[in-house]
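J.: Have a peek at coords_24.txt (compact mmCIF, C-alpha atoms).
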```txt
# COMPACT_ATOMS: atom_id res chain seq x y z
CA MET A 1 -75.02 2.52 -35.62
CA ASN A 2 -78.50 3.76 -34.98
CA ASN A 3 -79.36 7.47 -34.99
CA ARG A 4 -79.86 7.69 -31.24
CA ARG A 5 -76.36 6.42 -30.53
CA LEU A 6 -74.91 8.79 -33.12
CA ALA A 7 -76.75 11.71 -31.57
CA SER A 8 -75.46 10.79 -28.09
CA MET A 9 -71.89 10.65 -29.34
CA ILE A 10 -72.23 14.07 -30.96
CA LEU A 11 -73.69 15.51 -27.78
CA VAL A 12 -70.70 14.23 -25.78
CA LEU A 13 -67.98 15.01 -28.28
CA LEU A 14 -69.23 18.43 -29.33
CA PRO A 15 -68.50 20.26 -26.05
CA VAL A 16 -65.13 18.51 -25.85
CA LEU A 17 -64.38 19.72 -29.35
CA VAL A 18 -65.46 23.27 -28.50
CA VAL A 19 -63.22 23.30 -25.40
CA LEU A 20 -60.28 22.01 -27.39
CA ILE A 21 -60.75 24.65 -30.10
CA PHE A 22 -61.05 27.37 -27.47
CA LEU A 23 -57.88 26.31 -25.66
CA GLY A 24 -55.95 26.09 -28.90
CA HIS A 25 -57.09 29.59 -29.91
CA LYS A 26 -56.00 31.08 -26.57
CA LYS A 27 -52.59 29.48 -26.83
CA ALA A 28 -52.14 30.80 -30.35
CA GLN A 29 -53.27 34.22 -29.22
CA ALA A 30 -50.80 34.29 -26.33
CA GLY A 31 -48.00 33.20 -28.58
CA THR A 32 -48.91 35.85 -31.13
CA ALA A 33 -49.13 38.57 -28.50
CA ALA A 34 -45.70 37.78 -27.15
CA ALA A 35 -44.13 37.80 -30.60
CA ALA A 36 -45.69 41.08 -31.87
CA PRO A 37 -44.04 44.14 -30.30
CA GLY A 38 -46.12 47.06 -29.04
CA VAL A 39 -45.76 50.32 -30.87
CA ILE A 40 -46.25 53.76 -29.39
CA LYS A 41 -46.12 56.88 -31.49
CA ILE A 42 -44.91 60.18 -30.09
CA ASP A 43 -46.50 63.02 -31.98
CA ASN A 44 -48.00 66.42 -31.28
CA PHE A 45 -46.69 66.34 -27.71
CA SER A 46 -48.55 63.14 -26.85
CA PHE A 47 -48.02 59.41 -26.62
CA THR A 48 -50.43 57.33 -28.72
CA PRO A 49 -51.98 55.19 -27.38
CA ALA A 50 -52.01 56.85 -23.98
CA THR A 51 -52.70 53.50 -22.32
CA LEU A 52 -51.38 50.27 -23.75
CA THR A 53 -52.05 46.86 -22.27
CA VAL A 54 -49.61 44.11 -23.17
CA PRO A 55 -48.65 40.68 -21.86
CA VAL A 56 -45.42 40.05 -20.00
CA GLY A 57 -42.49 39.70 -22.33
CA THR A 58 -43.66 42.27 -24.84
CA THR A 59 -41.16 44.65 -26.36
CA ILE A 60 -42.56 48.13 -26.82
CA THR A 61 -41.02 50.56 -29.29
CA TRP A 62 -41.57 54.28 -29.05
CA THR A 63 -41.04 56.30 -32.24
CA ASN A 64 -40.76 60.07 -32.12
CA SER A 65 -42.72 61.45 -35.04
CA ASP A 66 -42.76 64.95 -33.63
CA ASP A 67 -40.62 67.86 -34.82
CA ILE A 68 -39.39 68.34 -31.26
CA PRO A 69 -37.07 66.14 -29.17
CA HIS A 70 -38.77 64.02 -26.51
CA THR A 71 -37.79 61.40 -23.96
CA VAL A 72 -39.51 58.37 -22.45
CA VAL A 73 -38.96 58.06 -18.70
CA SER A 74 -40.91 55.88 -16.29
CA ASP A 75 -42.06 57.37 -13.00
CA ASP A 76 -40.16 54.74 -11.04
CA LYS A 77 -37.09 55.00 -13.32
CA THR A 78 -37.56 51.43 -14.58
CA PHE A 79 -36.76 52.62 -18.07
CA LYS A 80 -35.30 55.85 -19.42
CA SER A 81 -34.56 56.71 -23.01
CA LYS A 82 -31.97 59.12 -24.33
CA VAL A 83 -33.33 62.27 -25.93
CA LEU A 84 -35.12 61.11 -29.06
CA ASP A 85 -34.90 63.25 -32.14
CA THR A 86 -37.45 63.05 -34.96
CA ASP A 87 -37.77 59.45 -36.24
CA GLU A 88 -35.55 58.05 -33.49
CA LYS A 89 -36.78 55.01 -31.58
CA PHE A 90 -36.51 53.56 -28.10
CA SER A 91 -37.42 49.99 -27.12
CA TYR A 92 -37.95 48.29 -23.79
CA THR A 93 -39.02 44.75 -22.94
CA PHE A 94 -41.39 44.38 -20.01
CA THR A 95 -40.56 41.23 -18.06
CA LYS A 96 -42.65 41.89 -14.95
CA PRO A 97 -46.38 42.56 -14.65
CA GLY A 98 -47.57 45.89 -13.36
CA THR A 99 -48.63 49.38 -14.37
CA TYR A 100 -45.82 51.58 -15.66
CA SER A 101 -46.61 55.27 -15.82
CA TYR A 102 -44.15 57.30 -17.84
CA PHE A 103 -43.62 60.83 -19.11
CA CYS A 104 -41.39 62.99 -21.26
CA SER A 105 -38.74 64.61 -19.06
CA VAL A 106 -38.49 67.58 -21.43
CA HIS A 107 -42.27 68.12 -21.39
CA PRO A 108 -43.51 66.63 -18.09
CA LYS A 109 -47.17 67.13 -18.95
CA MET A 110 -46.81 64.45 -21.62
CA THR A 111 -47.82 61.33 -19.74
CA ALA A 112 -49.03 57.84 -20.56
CA LYS A 113 -48.97 54.35 -19.09
CA ILE A 114 -48.41 50.75 -19.96
CA VAL A 115 -50.25 47.94 -18.25
CA VAL A 116 -48.36 44.67 -18.29
CA GLN A 117 -50.45 41.62 -17.48
CA MET B 118 -44.63 72.25 -1.65
CA ASN B 119 -45.94 75.60 -0.50
CA PRO B 120 -45.82 78.04 -3.48
CA PHE B 121 -44.52 80.75 -1.16
CA ASP B 122 -41.64 78.56 -0.03
CA PRO B 123 -38.41 80.00 -1.54
CA ARG B 124 -37.32 76.45 -2.29
CA SER B 125 -40.15 76.16 -4.79
CA VAL B 126 -38.37 78.89 -6.77
CA LEU B 127 -34.76 77.89 -6.23
CA LEU B 128 -35.25 74.15 -6.58
CA ALA B 129 -37.87 74.15 -9.33
CA LYS B 130 -37.61 71.04 -11.42
CA HIS B 131 -38.39 72.77 -14.68
CA ALA B 132 -35.78 74.50 -16.79
CA GLN B 133 -35.02 78.03 -15.62
CA HIS B 134 -34.57 79.32 -19.16
CA VAL B 135 -38.32 79.41 -19.76
CA VAL B 136 -38.70 81.64 -16.71
CA LEU B 137 -35.72 83.97 -17.19
CA ILE B 138 -36.31 84.58 -20.88
CA HIS B 139 -39.35 86.72 -20.12
CA PHE B 140 -37.15 89.45 -18.63
CA PRO B 141 -35.06 90.39 -21.70
CA ILE B 142 -38.10 90.08 -23.96
CA ALA B 143 -40.30 92.35 -21.88
CA LEU B 144 -37.55 94.87 -21.07
CA PHE B 145 -36.43 95.08 -24.70
CA VAL B 146 -39.96 95.53 -26.05
CA ALA B 147 -40.60 98.20 -23.42
CA GLY B 148 -37.30 99.88 -24.25
CA VAL B 149 -38.02 100.06 -27.97
CA THR B 150 -41.55 101.29 -27.32
CA PHE B 151 -40.27 104.02 -25.01
CA ASP B 152 -37.64 104.96 -27.60
CA LEU B 153 -40.29 105.50 -30.25
CA LEU B 154 -42.34 107.51 -27.77
CA ALA B 155 -39.30 109.51 -26.66
CA ALA B 156 -38.48 110.42 -30.26
CA TRP B 157 -42.09 111.36 -30.95
CA LYS B 158 -42.52 113.39 -27.76
CA LYS B 159 -38.92 114.63 -27.74
CA SER B 160 -38.78 113.65 -24.08
CA ARG B 161 -35.43 113.35 -22.29
CA GLU B 162 -37.13 111.60 -19.38
CA LEU B 163 -38.42 108.87 -21.66
CA ALA B 164 -35.01 108.66 -23.29
CA THR B 165 -33.50 108.00 -19.87
CA ALA B 166 -36.10 105.30 -19.26
CA VAL B 167 -35.15 103.78 -22.61
CA TYR B 168 -31.52 103.55 -21.58
CA TYR B 169 -32.25 101.84 -18.28
CA ASN B 170 -34.75 99.45 -19.85
CA LEU B 171 -32.24 98.47 -22.50
CA THR B 172 -29.50 98.12 -19.90
CA ALA B 173 -31.65 95.74 -17.87
CA ALA B 174 -32.63 93.89 -21.07
CA ALA B 175 -29.02 93.44 -22.12
CA ILE B 176 -27.92 92.27 -18.67
CA SER B 177 -30.82 89.83 -18.40
CA THR B 178 -29.91 88.22 -21.74
CA VAL B 179 -26.84 86.74 -20.04
CA PRO B 180 -28.58 84.40 -17.58
CA ALA B 181 -31.34 83.75 -20.13
CA ALA B 182 -28.85 82.69 -22.83
CA ALA B 183 -26.72 80.78 -20.33
CA THR B 184 -29.67 78.76 -19.02
CA GLY B 185 -30.77 78.14 -22.58
CA LEU B 186 -27.39 76.67 -23.46
CA LEU B 187 -27.42 74.65 -20.23
CA ALA B 188 -30.91 73.33 -21.02
CA TRP B 189 -29.59 72.23 -24.41
CA GLN B 190 -26.65 70.44 -22.83
CA TRP B 191 -28.38 68.95 -19.77
CA GLN B 192 -32.03 68.51 -20.58
CA LEU B 193 -31.57 67.75 -24.27
CA GLU B 194 -28.24 65.99 -23.71
CA GLY B 195 -26.45 68.23 -26.20
CA LYS B 196 -28.65 66.91 -28.99
CA HIS B 197 -27.49 67.64 -32.53
CA LEU B 198 -29.07 70.93 -33.51
CA LYS B 199 -31.58 70.80 -36.30
CA GLY B 200 -35.10 71.95 -37.08
CA VAL B 201 -36.93 74.09 -34.57
CA LEU B 202 -34.19 73.70 -31.97
CA LEU B 203 -31.51 75.00 -34.33
CA LEU B 204 -33.65 77.92 -35.46
CA HIS B 205 -34.49 78.85 -31.89
CA MET B 206 -30.85 78.87 -30.85
CA VAL B 207 -29.65 80.84 -33.89
CA PHE B 208 -32.40 83.41 -33.57
CA GLY B 209 -31.88 83.58 -29.80
CA LEU B 210 -28.17 84.32 -30.11
CA LEU B 211 -28.87 86.81 -32.88
CA SER B 212 -31.50 88.51 -30.71
CA THR B 213 -29.02 88.68 -27.84
CA ALA B 214 -26.41 90.29 -30.08
CA LEU B 215 -28.89 92.83 -31.41
CA ILE B 216 -30.12 93.75 -27.93
CA TRP B 217 -26.52 94.40 -26.86
CA LEU B 218 -25.86 96.39 -30.06
CA ILE B 219 -28.91 98.56 -29.47
CA TRP B 220 -27.91 99.05 -25.84
CA TRP B 221 -24.42 100.08 -26.96
CA LEU B 222 -25.84 102.67 -29.38
CA HIS B 223 -27.85 104.22 -26.55
CA SER B 224 -24.98 103.95 -24.07
CA ARG B 225 -22.60 105.64 -26.49
CA ALA B 226 -25.06 108.46 -27.05
CA ARG B 227 -25.23 109.21 -23.33
CA HIS B 228 -21.52 110.07 -23.38
CA ARG B 229 -21.94 112.53 -26.19
CA PRO B 230 -22.25 116.21 -25.27
CA ASP B 231 -25.58 116.58 -27.03
CA GLY B 232 -26.71 113.01 -26.22
CA SER B 233 -28.02 112.57 -29.76
CA LEU B 234 -28.91 109.12 -30.93
CA PRO B 235 -28.34 107.90 -34.50
CA ARG B 236 -31.51 107.62 -36.54
CA TYR B 237 -30.37 104.31 -38.03
CA ARG B 238 -31.14 102.77 -34.66
CA PHE B 239 -34.86 102.69 -35.56
CA PRO B 240 -34.67 100.13 -38.37
CA ILE B 241 -32.35 98.01 -36.21
CA GLU B 242 -34.79 98.17 -33.31
CA LEU B 243 -37.84 97.57 -35.49
CA LEU B 244 -36.23 94.58 -37.19
CA SER B 245 -35.12 93.17 -33.85
CA LEU B 246 -38.64 93.20 -32.45
CA PRO B 247 -40.08 90.54 -34.80
CA LEU B 248 -36.88 88.52 -34.48
CA VAL B 249 -37.25 88.45 -30.70
CA ALA B 250 -40.94 87.60 -31.08
CA LEU B 251 -40.17 84.77 -33.51
CA THR B 252 -37.51 83.39 -31.18
CA GLY B 253 -40.03 83.34 -28.36
CA HIS B 254 -42.63 81.73 -30.60
CA LEU B 255 -40.26 78.90 -31.48
CA GLY B 256 -39.38 78.56 -27.83
CA GLY B 257 -43.04 78.07 -27.09
CA PHE B 258 -43.12 75.16 -29.50
CA LEU B 259 -40.03 73.62 -27.95
CA SER B 260 -41.47 73.86 -24.46
CA GLY B 261 -44.84 72.50 -25.49
CA VAL B 262 -46.93 75.51 -24.40
CA ASN B 263 -47.59 76.54 -27.98
CA ILE B 264 -48.85 73.27 -29.43
CA PRO B 265 -51.90 73.36 -31.71
CA GLY B 266 -55.23 72.10 -30.40
```
Output the file's structure in the form of structure tokens.

T.:
Amino acid sequence: MNNRRLASMILVLLPVLVVLIFLGHKKAQAGTAAAAPGVIKIDNFSFTPATLTVPVGTTITWTNSDDIPHTVVSDDKTFKSKVLDTDEKFSYTFTKPGTYSYFCSVHPKMTAKIVVQ
Amino acid sequence: MNPFDPRSVLLAKHAQHVVLIHFPIALFVAGVTFDLLAAWKKSRELATAVYYNLTAAAISTVPAAATGLLAWQWQLEGKHLKGVLLLHMVFGLLSTALIWLIWWLHSRARHRPDGSLPRYRFPIELLSLPLVALTGHLGGFLSGVNIPG
């Protein structure tokens, strides 16, 4: 095979290879994102992170690291935790896309949101 | 909602305990302050003011304590008491008891012919003041108005 033919083959196959690698990476990423749960820490009267973006199907776990009891309640009542004492957790799986604003019903100024894509 | 609408007071979504608690605290602090002044100035008028301040303080502890217990049961779902919450409740009930004790000492004195008050009331009053202040301080942490930063 002469060099010109070899070069032509590389020029054709290379973009195909790049596309295939890219698609494979995205699929792996999506699979990884769905498997790894989101984690939100409640501490110092705040939710951290204040805004969390996750894919549909993600389970988010809130952990109260504060010395004070808190709750996790969505504005539209989609999810509502019991009163969480220090080190207690609450989990919820988001099955529908949307923006979910939530707050602590004991301390209503504690607010945050989750964006489900 | 219009802030001058009575419904904004009666139907407020926040716990009432954090509002009502200011009354016994302020009335008790004023009562003790007037008592010290009355003893210093030997003023019967101030002594009368002390009695009425302490009476109002004692009476106002009832709704304040009741709403506190209700907030624990309703807002905190009767959560097991520990940490700051436990301390706040213990100190709050102790403060309530001391305010009533101090009121009783003053009330009893008014029925005496000479109206004399026992001197041992001063250490009780002066020890109650920091206890009431500490209870309020812990309450501030529980409500989130006293967070650092």

J.: Using all atoms listed in the file, which of B:Leu243, B:Ala188, B:Ala250, B:Ile216 sits nearest chain A?

T.: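 Selected residue with least distance to chain A: B:Ala188.
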
J.: Given the choices B:Ala182, B:Leu198, B:Leu244, B:Leu144, which gets closest to chain A if the distance is worked out from only C-alpha atoms?

T.: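 With only C-alpha atoms as the atom set, the closest residue is B:Leu198.
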
J.: Can you work out which residues from chain B touch chain A at a cut-off of 8 Å (counting only C-alpha atoms) and hand them back as number ranges by chain?

T.: B: 192-194, 196, 200-202, 258-261, 264-265

J.: Okay, now the selection with C-alpha atoms, as an mmCIF file, keeping the file's coordinate frame?

T.:
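Generated output (again-v8.cif):
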```cif
data_model
loop_
_atom_site.group_PDB
_atom_site.id
_atom_site.type_symbol
_atom_site.label_atom_id
_atom_site.label_comp_id
_atom_site.auth_asym_id
_atom_site.auth_seq_id
_atom_site.Cartn_x
_atom_site.Cartn_y
_atom_site.Cartn_z
ATOM 1 C CA GLN B 192 -32.030 68.510 -20.580
ATOM 2 C CA LEU B 193 -31.570 67.750 -24.270
ATOM 3 C CA GLU B 194 -28.240 65.990 -23.710
ATOM 4 C CA LYS B 196 -28.650 66.910 -28.990
ATOM 5 C CA GLY B 200 -35.100 71.950 -37.080
ATOM 6 C CA VAL B 201 -36.930 74.090 -34.570
ATOM 7 C CA LEU B 202 -34.190 73.700 -31.970
ATOM 8 C CA PHE B 258 -43.120 75.160 -29.500
ATOM 9 C CA LEU B 259 -40.030 73.620 -27.950
ATOM 10 C CA SER B 260 -41.470 73.860 -24.460
ATOM 11 C CA GLY B 261 -44.840 72.500 -25.490
ATOM 12 C CA ILE B 264 -48.850 73.270 -29.430
ATOM 13 C CA PRO B 265 -51.900 73.360 -31.710
#
```

J.: What does the distance from CA of Lys80 (chain A) to CA of Met206 (chain B) come to in Å, to one decimal?

T.: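 About the pair CA of Lys80 (chain A) and CA of Met206 (chain B): they are 26.1 Å apart.
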
J.: So that I can check the surroundings of Lys96 (chain A), please list as a list of chain:residue names every protein, DNA and RNA residue that reaches within 10 Å of it, counting only C-alpha atoms and ignoring chain neighbours fewer than 3 positions away.

T.: A:Pro55, A:Val56, A:Gly57, A:Thr58, A:Thr93, A:Thr99, A:Val116, A:Gln117

J.: Using all atoms listed in the file, which residue out of B:Pro240, B:Gly209, B:Gly232, B:Pro120 lies closest to Ile142 (chain B)?

T.: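 Smallest distance to Ile142 (chain B) is found for B:Gly209.
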
J.: Which is closer to Phe94 (chain A) than all the others in A:Ile42, A:Val115, A:Val73, A:Val12, using all atoms listed in the file?

T.: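 Nearest to Phe94 (chain A): A:Val115.
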
J.: Quote the spacing between CA of Phe103 (chain A) and CA of Val54 (chain A) in Å to one decimal place.

T.: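 Computing it gives 18.2 Å between the two atoms.
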
J.: To one decimal in Å, tell me the separation between CA of Leu255 (chain B) and CA of Lys113 (chain A).

T.: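 Going from CA of Leu255 (chain B) over to CA of Lys113 (chain A) covers 28.8 Å.
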
J.: Neighbouring residues of Ser233 (chain B) were defined as those with any atom within 12 Å, considering only C-alpha atoms; residues of the same chain fewer than 4 positions away were excluded. Please report them as a list in words.

T.: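 Neighbouring residues, sequence-local ones excluded: Ala156, Lys159, Arg161, Ala164, Leu222, His223, Ser224, Arg225, Ala226, Arg227, His228, Arg229, Tyr237 and Arg238 of chain B.
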
J.: Counting only C-alpha atoms, what is within 8 Å of Trp62 (chain A), bar same-chain residues fewer than 3 positions away, as an mmCIF file with C-alpha atoms, keeping the file's coordinate frame?

T.:
```cif
data_model
loop_
_atom_site.group_PDB
_atom_site.id
_atom_site.type_symbol
_atom_site.label_atom_id
_atom_site.label_comp_id
_atom_site.auth_asym_id
_atom_site.auth_seq_id
_atom_site.Cartn_x
_atom_site.Cartn_y
_atom_site.Cartn_z
ATOM 1 C CA VAL A 39 -45.760 50.320 -30.870
ATOM 2 C CA ILE A 40 -46.250 53.760 -29.390
ATOM 3 C CA LYS A 41 -46.120 56.880 -31.490
ATOM 4 C CA ILE A 42 -44.910 60.180 -30.090
ATOM 5 C CA LYS A 89 -36.780 55.010 -31.580
ATOM 6 C CA PHE A 90 -36.510 53.560 -28.100
ATOM 7 C CA SER A 91 -37.420 49.990 -27.120
#
```

J.: Could you check which residues have any atom within 9 Å of (-35.9, 100.6, -21.0), counting only C-alpha atoms with coordinates taken straight from the file, and then list them as an MDAnalysis selection string?

T.: chainID B and resid 144:152 163:174

J.: Now that the selection is made, can you save its residues with C-alpha atoms as a PDB file, in the coordinates of the input?

T.:
```pdb
ATOM      1  CA  LEU B 144     -37.550  94.870 -21.070  1.00  0.00           C
ATOM      2  CA  PHE B 145     -36.430  95.080 -24.700  1.00  0.00           C
ATOM      3  CA  VAL B 146     -39.960  95.530 -26.050  1.00  0.00           C
ATOM      4  CA  ALA B 147     -40.600  98.200 -23.420  1.00  0.00           C
ATOM      5  CA  GLY B 148     -37.300  99.880 -24.250  1.00  0.00           C
ATOM      6  CA  VAL B 149     -38.020 100.060 -27.970  1.00  0.00           C
ATOM      7  CA  THR B 150     -41.550 101.290 -27.320  1.00  0.00           C
ATOM      8  CA  PHE B 151     -40.270 104.020 -25.010  1.00  0.00           C
ATOM      9  CA  ASP B 152     -37.640 104.960 -27.600  1.00  0.00           C
ATOM     10  CA  LEU B 163     -38.420 108.870 -21.660  1.00  0.00           C
ATOM     11  CA  ALA B 164     -35.010 108.660 -23.290  1.00  0.00           C
ATOM     12  CA  THR B 165     -33.500 108.000 -19.870  1.00  0.00           C
ATOM     13  CA  ALA B 166     -36.100 105.300 -19.260  1.00  0.00           C
ATOM     14  CA  VAL B 167     -35.150 103.780 -22.610  1.00  0.00           C
ATOM     15  CA  TYR B 168     -31.520 103.550 -21.580  1.00  0.00           C
ATOM     16  CA  TYR B 169     -32.250 101.840 -18.280  1.00  0.00           C
ATOM     17  CA  ASN B 170     -34.750  99.450 -19.850  1.00  0.00           C
ATOM     18  CA  LEU B 171     -32.240  98.470 -22.500  1.00  0.00           C
ATOM     19  CA  THR B 172     -29.500  98.120 -19.900  1.00  0.00           C
ATOM     20  CA  ALA B 173     -31.650  95.740 -17.870  1.00  0.00           C
ATOM     21  CA  ALA B 174     -32.630  93.890 -21.070  1.00  0.00           C
TER      22      ALA B 174
END
```

J.: Can you tell me, as a ChimeraX atom specification, which residues sit within 10 Å of (-33.5, 86.4, -32.8) in the file's frame, using all atoms listed in the file?

T.: /B:204-216,244-253

J.: Which residue is closest to Val262 (chain B)? Choose from B:Ile176, B:Ala183, B:Val135, B:Ser160 and count all atoms listed in the file.

T.: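 Smallest distance to Val262 (chain B) is found for B:Val135.
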